[in-house]
>>> print(open('entry_14.pdb').read())   # PDB, N, CA and C atoms, pLDDT in the B column
ATOM      1  N   MET V   1       7.381  -7.312   0.603  1.00 62.00           N
ATOM      2  CA  MET V   1       7.064  -7.952  -0.652  1.00 62.00           C
ATOM      3  C   MET V   1       7.116  -6.915  -1.774  1.00 62.00           C
ATOM      4  N   VAL V   2       7.644  -7.333  -2.911  1.00 72.00           N
ATOM      5  CA  VAL V   2       7.820  -6.425  -4.041  1.00 72.00           C
ATOM      6  C   VAL V   2       6.507  -6.280  -4.800  1.00 72.00           C
ATOM      7  N   ASN V   3       6.231  -5.058  -5.192  1.00 86.00           N
ATOM      8  CA  ASN V   3       5.046  -4.759  -5.983  1.00 86.00           C
ATOM      9  C   ASN V   3       5.174  -5.452  -7.350  1.00 86.00           C
ATOM     10  N   PRO V   4       4.142  -6.202  -7.808  1.00 89.00           N
ATOM     11  CA  PRO V   4       4.235  -6.886  -9.106  1.00 89.00           C
ATOM     12  C   PRO V   4       4.499  -5.936 -10.267  1.00 89.00           C
ATOM     13  N   TRP V   5       3.936  -4.742 -10.221  1.00 92.00           N
ATOM     14  CA  TRP V   5       4.161  -3.785 -11.309  1.00 92.00           C
ATOM     15  C   TRP V   5       5.613  -3.328 -11.331  1.00 92.00           C
ATOM     16  N   GLN V   6       6.187  -3.145 -10.151  1.00 92.00           N
ATOM     17  CA  GLN V   6       7.598  -2.753 -10.066  1.00 92.00           C
ATOM     18  C   GLN V   6       8.485  -3.872 -10.617  1.00 92.00           C
ATOM     19  N   PHE V   7       8.131  -5.112 -10.293  1.00 91.00           N
ATOM     20  CA  PHE V   7       8.879  -6.261 -10.802  1.00 91.00           C
ATOM     21  C   PHE V   7       8.844  -6.283 -12.334  1.00 91.00           C
ATOM     22  N   LEU V   8       7.663  -6.085 -12.918  1.00 92.00           N
ATOM     23  CA  LEU V   8       7.532  -6.098 -14.376  1.00 92.00           C
ATOM     24  C   LEU V   8       8.331  -4.964 -15.018  1.00 92.00           C
ATOM     25  N   LYS V   9       8.330  -3.793 -14.391  1.00 92.00           N
ATOM     26  CA  LYS V   9       9.108  -2.663 -14.907  1.00 92.00           C
ATOM     27  C   LYS V   9      10.595  -2.984 -14.890  1.00 92.00           C
ATOM     28  N   GLU V  10      11.056  -3.584 -13.794  1.00 92.00           N
ATOM     29  CA  GLU V  10      12.473  -3.927 -13.687  1.00 92.00           C
ATOM     30  C   GLU V  10      12.840  -5.045 -14.663  1.00 92.00           C
ATOM     31  N   ALA V  11      11.950  -5.999 -14.844  1.00 92.00           N
ATOM     32  CA  ALA V  11      12.207  -7.080 -15.790  1.00 92.00           C
ATOM     33  C   ALA V  11      12.322  -6.518 -17.214  1.00 92.00           C
ATOM     34  N   LYS V  12      11.428  -5.621 -17.579  1.00 93.00           N
ATOM     35  CA  LYS V  12      11.478  -4.999 -18.902  1.00 93.00           C
ATOM     36  C   LYS V  12      12.772  -4.209 -19.064  1.00 93.00           C
ATOM     37  N   SER V  13      13.177  -3.514 -18.014  1.00 93.00           N
ATOM     38  CA  SER V  13      14.416  -2.745 -18.056  1.00 93.00           C
ATOM     39  C   SER V  13      15.617  -3.663 -18.277  1.00 93.00           C
ATOM     40  N   GLU V  14      15.634  -4.793 -17.617  1.00 93.00           N
ATOM     41  CA  GLU V  14      16.740  -5.743 -17.788  1.00 93.00           C
ATOM     42  C   GLU V  14      16.745  -6.351 -19.188  1.00 93.00           C
ATOM     43  N   LEU V  15      15.559  -6.610 -19.737  1.00 93.00           N
ATOM     44  CA  LEU V  15      15.488  -7.194 -21.076  1.00 93.00           C
ATOM     45  C   LEU V  15      16.006  -6.240 -22.151  1.00 93.00           C
ATOM     46  N   THR V  16      15.933  -4.953 -21.903  1.00 92.00           N
ATOM     47  CA  THR V  16      16.469  -4.000 -22.876  1.00 92.00           C
ATOM     48  C   THR V  16      17.994  -4.032 -22.893  1.00 92.00           C
ATOM     49  N   LYS V  17      18.619  -4.567 -21.836  1.00 94.00           N
ATOM     50  CA  LYS V  17      20.082  -4.646 -21.757  1.00 94.00           C
ATOM     51  C   LYS V  17      20.641  -5.913 -22.410  1.00 94.00           C
ATOM     52  N   VAL V  18      19.766  -6.847 -22.751  1.00 92.00           N
ATOM     53  CA  VAL V  18      20.204  -8.116 -23.321  1.00 92.00           C
ATOM     54  C   VAL V  18      20.691  -7.902 -24.751  1.00 92.00           C
ATOM     55  N   VAL V  19      21.820  -8.524 -25.080  1.00 93.00           N
ATOM     56  CA  VAL V  19      22.331  -8.485 -26.452  1.00 93.00           C
ATOM     57  C   VAL V  19      21.822  -9.752 -27.133  1.00 93.00           C
ATOM     58  N   TRP V  20      20.821  -9.592 -27.979  1.00 91.00           N
ATOM     59  CA  TRP V  20      20.204 -10.720 -28.640  1.00 91.00           C
ATOM     60  C   TRP V  20      21.065 -11.169 -29.815  1.00 91.00           C
ATOM     61  N   PRO V  21      21.158 -12.490 -30.053  1.00 94.00           N
ATOM     62  CA  PRO V  21      21.970 -12.972 -31.181  1.00 94.00           C
ATOM     63  C   PRO V  21      21.296 -12.651 -32.510  1.00 94.00           C
ATOM     64  N   SER V  22      22.126 -12.570 -33.537  1.00 96.00           N
ATOM     65  CA  SER V  22      21.579 -12.323 -34.871  1.00 96.00           C
ATOM     66  C   SER V  22      20.903 -13.594 -35.387  1.00 96.00           C
ATOM     67  N   ARG V  23      20.137 -13.451 -36.451  1.00 96.00           N
ATOM     68  CA  ARG V  23      19.464 -14.611 -37.043  1.00 96.00           C
ATOM     69  C   ARG V  23      20.483 -15.636 -37.525  1.00 96.00           C
ATOM     70  N   LYS V  24      21.564 -15.152 -38.144  1.00 97.00           N
ATOM     71  CA  LYS V  24      22.604 -16.039 -38.659  1.00 97.00           C
ATOM     72  C   LYS V  24      23.257 -16.823 -37.512  1.00 97.00           C
ATOM     73  N   GLU V  25      23.555 -16.140 -36.426  1.00 97.00           N
ATOM     74  CA  GLU V  25      24.176 -16.800 -35.277  1.00 97.00           C
ATOM     75  C   GLU V  25      23.223 -17.808 -34.639  1.00 97.00           C
ATOM     76  N   THR V  26      21.966 -17.474 -34.557  1.00 97.00           N
ATOM     77  CA  THR V  26      20.975 -18.382 -33.990  1.00 97.00           C
ATOM     78  C   THR V  26      20.860 -19.659 -34.818  1.00 97.00           C
ATOM     79  N   ILE V  27      20.830 -19.515 -36.129  1.00 98.00           N
ATOM     80  CA  ILE V  27      20.747 -20.682 -37.016  1.00 98.00           C
ATOM     81  C   ILE V  27      22.004 -21.535 -36.883  1.00 98.00           C
ATOM     82  N   ARG V  28      23.165 -20.898 -36.841  1.00 98.00           N
ATOM     83  CA  ARG V  28      24.441 -21.622 -36.732  1.00 98.00           C
ATOM     84  C   ARG V  28      24.508 -22.424 -35.433  1.00 98.00           C
ATOM     85  N   VAL V  29      24.128 -21.808 -34.328  1.00 97.00           N
ATOM     86  CA  VAL V  29      24.171 -22.494 -33.041  1.00 97.00           C
ATOM     87  C   VAL V  29      23.119 -23.606 -32.986  1.00 97.00           C
ATOM     88  N   THR V  30      21.953 -23.373 -33.555  1.00 98.00           N
ATOM     89  CA  THR V  30      20.912 -24.407 -33.586  1.00 98.00           C
ATOM     90  C   THR V  30      21.381 -25.630 -34.361  1.00 98.00           C
ATOM     91  N   ILE V  31      22.012 -25.405 -35.502  1.00 98.00           N
ATOM     92  CA  ILE V  31      22.534 -26.519 -36.295  1.00 98.00           C
ATOM     93  C   ILE V  31      23.611 -27.271 -35.510  1.00 98.00           C
ATOM     94  N   ALA V  32      24.474 -26.541 -34.815  1.00 98.00           N
ATOM     95  CA  ALA V  32      25.517 -27.177 -34.013  1.00 98.00           C
ATOM     96  C   ALA V  32      24.904 -28.055 -32.924  1.00 98.00           C
ATOM     97  N   VAL V  33      23.866 -27.571 -32.268  1.00 98.00           N
ATOM     98  CA  VAL V  33      23.201 -28.345 -31.217  1.00 98.00           C
ATOM     99  C   VAL V  33      22.584 -29.613 -31.798  1.00 98.00           C
ATOM    100  N   ILE V  34      21.944 -29.504 -32.957  1.00 98.00           N
ATOM    101  CA  ILE V  34      21.324 -30.682 -33.588  1.00 98.00           C
ATOM    102  C   ILE V  34      22.387 -31.704 -33.976  1.00 98.00           C
ATOM    103  N   VAL V  35      23.493 -31.242 -34.567  1.00 98.00           N
ATOM    104  CA  VAL V  35      24.567 -32.158 -34.987  1.00 98.00           C
ATOM    105  C   VAL V  35      25.188 -32.852 -33.784  1.00 98.00           C
ATOM    106  N   ILE V  36      25.475 -32.105 -32.735  1.00 98.00           N
ATOM    107  CA  ILE V  36      26.066 -32.703 -31.535  1.00 98.00           C
ATOM    108  C   ILE V  36      25.096 -33.684 -30.897  1.00 98.00           C
ATOM    109  N   SER V  37      23.818 -33.351 -30.855  1.00 98.00           N
ATOM    110  CA  SER V  37      22.810 -34.254 -30.292  1.00 98.00           C
ATOM    111  C   SER V  37      22.731 -35.555 -31.080  1.00 98.00           C
ATOM    112  N   LEU V  38      22.763 -35.456 -32.406  1.00 98.00           N
ATOM    113  CA  LEU V  38      22.749 -36.657 -33.241  1.00 98.00           C
ATOM    114  C   LEU V  38      24.004 -37.495 -33.028  1.00 98.00           C
ATOM    115  N   ALA V  39      25.149 -36.853 -32.908  1.00 98.00           N
ATOM    116  CA  ALA V  39      26.399 -37.584 -32.679  1.00 98.00           C
ATOM    117  C   ALA V  39      26.365 -38.326 -31.348  1.00 98.00           C
ATOM    118  N   VAL V  40      25.878 -37.682 -30.317  1.00 98.00           N
ATOM    119  CA  VAL V  40      25.767 -38.333 -29.008  1.00 98.00           C
ATOM    120  C   VAL V  40      24.762 -39.476 -29.070  1.00 98.00           C
ATOM    121  N   ALA V  41      23.657 -39.285 -29.774  1.00 98.00           N
ATOM    122  CA  ALA V  41      22.646 -40.342 -29.906  1.00 98.00           C
ATOM    123  C   ALA V  41      23.228 -41.562 -30.619  1.00 98.00           C
ATOM    124  N   VAL V  42      23.977 -41.336 -31.684  1.00 98.00           N
ATOM    125  CA  VAL V  42      24.594 -42.449 -32.415  1.00 98.00           C
ATOM    126  C   VAL V  42      25.619 -43.155 -31.526  1.00 98.00           C
ATOM    127  N   PHE V  43      26.425 -42.407 -30.815  1.00 98.00           N
ATOM    128  CA  PHE V  43      27.429 -42.988 -29.921  1.00 98.00           C
ATOM    129  C   PHE V  43      26.766 -43.837 -28.839  1.00 98.00           C
ATOM    130  N   LEU V  44      25.764 -43.290 -28.173  1.00 98.00           N
ATOM    131  CA  LEU V  44      25.084 -44.042 -27.111  1.00 98.00           C
ATOM    132  C   LEU V  44      24.330 -45.242 -27.675  1.00 98.00           C
ATOM    133  N   GLY V  45      23.768 -45.100 -28.864  1.00 98.00           N
ATOM    134  CA  GLY V  45      23.097 -46.223 -29.507  1.00 98.00           C
ATOM    135  C   GLY V  45      24.071 -47.345 -29.806  1.00 98.00           C
ATOM    136  N   ALA V  46      25.272 -46.994 -30.272  1.00 98.00           N
ATOM    137  CA  ALA V  46      26.293 -48.005 -30.558  1.00 98.00           C
ATOM    138  C   ALA V  46      26.741 -48.706 -29.279  1.00 98.00           C
ATOM    139  N   ILE V  47      26.925 -47.952 -28.220  1.00 98.00           N
ATOM    140  CA  ILE V  47      27.297 -48.546 -26.925  1.00 98.00           C
ATOM    141  C   ILE V  47      26.195 -49.497 -26.454  1.00 98.00           C
ATOM    142  N   ASP V  48      24.953 -49.064 -26.545  1.00 98.00           N
ATOM    143  CA  ASP V  48      23.815 -49.894 -26.133  1.00 98.00           C
ATOM    144  C   ASP V  48      23.746 -51.169 -26.965  1.00 98.00           C
ATOM    145  N   PHE V  49      23.908 -51.035 -28.260  1.00 98.00           N
ATOM    146  CA  PHE V  49      23.872 -52.191 -29.159  1.00 98.00           C
ATOM    147  C   PHE V  49      24.983 -53.185 -28.803  1.00 98.00           C
ATOM    148  N   GLY V  50      26.179 -52.667 -28.602  1.00 97.00           N
ATOM    149  CA  GLY V  50      27.308 -53.521 -28.262  1.00 97.00           C
ATOM    150  C   GLY V  50      27.128 -54.234 -26.931  1.00 97.00           C
ATOM    151  N   LEU V  51      26.682 -53.507 -25.918  1.00 97.00           N
ATOM    152  CA  LEU V  51      26.488 -54.126 -24.602  1.00 97.00           C
ATOM    153  C   LEU V  51      25.344 -55.140 -24.627  1.00 97.00           C
ATOM    154  N   THR V  52      24.303 -54.854 -25.380  1.00 97.00           N
ATOM    155  CA  THR V  52      23.187 -55.800 -25.501  1.00 97.00           C
ATOM    156  C   THR V  52      23.666 -57.102 -26.131  1.00 97.00           C
ATOM    157  N   ASN V  53      24.428 -56.999 -27.199  1.00 97.00           N
ATOM    158  CA  ASN V  53      24.961 -58.199 -27.842  1.00 97.00           C
ATOM    159  C   ASN V  53      25.920 -58.950 -26.929  1.00 97.00           C
ATOM    160  N   LEU V  54      26.712 -58.235 -26.167  1.00 96.00           N
ATOM    161  CA  LEU V  54      27.636 -58.877 -25.237  1.00 96.00           C
ATOM    162  C   LEU V  54      26.872 -59.653 -24.156  1.00 96.00           C
ATOM    163  N   VAL V  55      25.858 -59.046 -23.588  1.00 96.00           N
ATOM    164  CA  VAL V  55      25.064 -59.716 -22.546  1.00 96.00           C
ATOM    165  C   VAL V  55      24.352 -60.933 -23.125  1.00 96.00           C
ATOM    166  N   GLU V  56      23.796 -60.816 -24.326  1.00 95.00           N
ATOM    167  CA  GLU V  56      23.138 -61.966 -24.958  1.00 95.00           C
ATOM    168  C   GLU V  56      24.144 -63.070 -25.255  1.00 95.00           C
ATOM    169  N   PHE V  57      25.327 -62.716 -25.706  1.00 94.00           N
ATOM    170  CA  PHE V  57      26.365 -63.710 -25.986  1.00 94.00           C
ATOM    171  C   PHE V  57      26.754 -64.457 -24.711  1.00 94.00           C
ATOM    172  N   ILE V  58      26.947 -63.724 -23.624  1.00 92.00           N
ATOM    173  CA  ILE V  58      27.311 -64.343 -22.349  1.00 92.00           C
ATOM    174  C   ILE V  58      26.177 -65.202 -21.835  1.00 92.00           C
ATOM    175  N   ALA V  59      24.934 -64.736 -21.953  1.00 92.00           N
ATOM    176  CA  ALA V  59      23.798 -65.478 -21.436  1.00 92.00           C
ATOM    177  C   ALA V  59      23.560 -66.768 -22.245  1.00 92.00           C
ATOM    178  N   ASN V  60      23.804 -66.741 -23.549  1.00 91.00           N
ATOM    179  CA  ASN V  60      23.571 -67.911 -24.390  1.00 91.00           C
ATOM    180  C   ASN V  60      24.675 -68.962 -24.252  1.00 91.00           C
ATOM    181  N   ASN V  61      25.846 -68.576 -23.777  1.00 84.00           N
ATOM    182  CA  ASN V  61      26.957 -69.509 -23.635  1.00 84.00           C
ATOM    183  C   ASN V  61      27.080 -70.062 -22.217  1.00 84.00           C
ATOM    184  N   GLN V  62      26.130 -69.827 -21.396  1.00 76.00           N
ATOM    185  CA  GLN V  62      26.182 -70.342 -20.014  1.00 76.00           C
ATOM    186  C   GLN V  62      25.605 -71.719 -19.916  1.00 76.00           C
TER     187      GLN V  62
END
>>> encode(input="entry_14.pdb", output="structure tokens")
Amino acid sequence: MVNPWQFLKEAKSELTKVVWPSRKETIRVTIAVIVISLAVAVFLGAIDFGLTNLVEFIANNQ
């Protein structure tokens, strides 16, 4: 079993090797994620709306 202190030392060592994104890049990617999420939500909402109306139309004409 690995010593917890050794694990923490190695984890800290690995974190120093990480290339962190700049503030500008972080904001740009965050905005992209929000826009894509909204686009997918609108698309799925439209599909849901259309299928709901189709099922109601079929059910009312039976």
>>> atom_distance(input="entry_14.pdb", atom1="atom CA of V:Gln62", atom2="atom C of V:Ala46")
23.5 Å
>>> select_by_dssp(input="entry_14.pdb", residues="stretch 2-58 of chain V", states="alpha helix (DSSP H)", output="VMD selection string")
chain V and resid 4 to 15 23 to 58
>>> atom_distance(input="entry_14.pdb", atom1="atom CA of V:Leu15", atom2="atom N of V:Asn3")
18.5 Å
>>> atom_distance(input="entry_14.pdb", atom1="atom C of V:Glu25", atom2="atom N of V:Val40")
20.5 Å
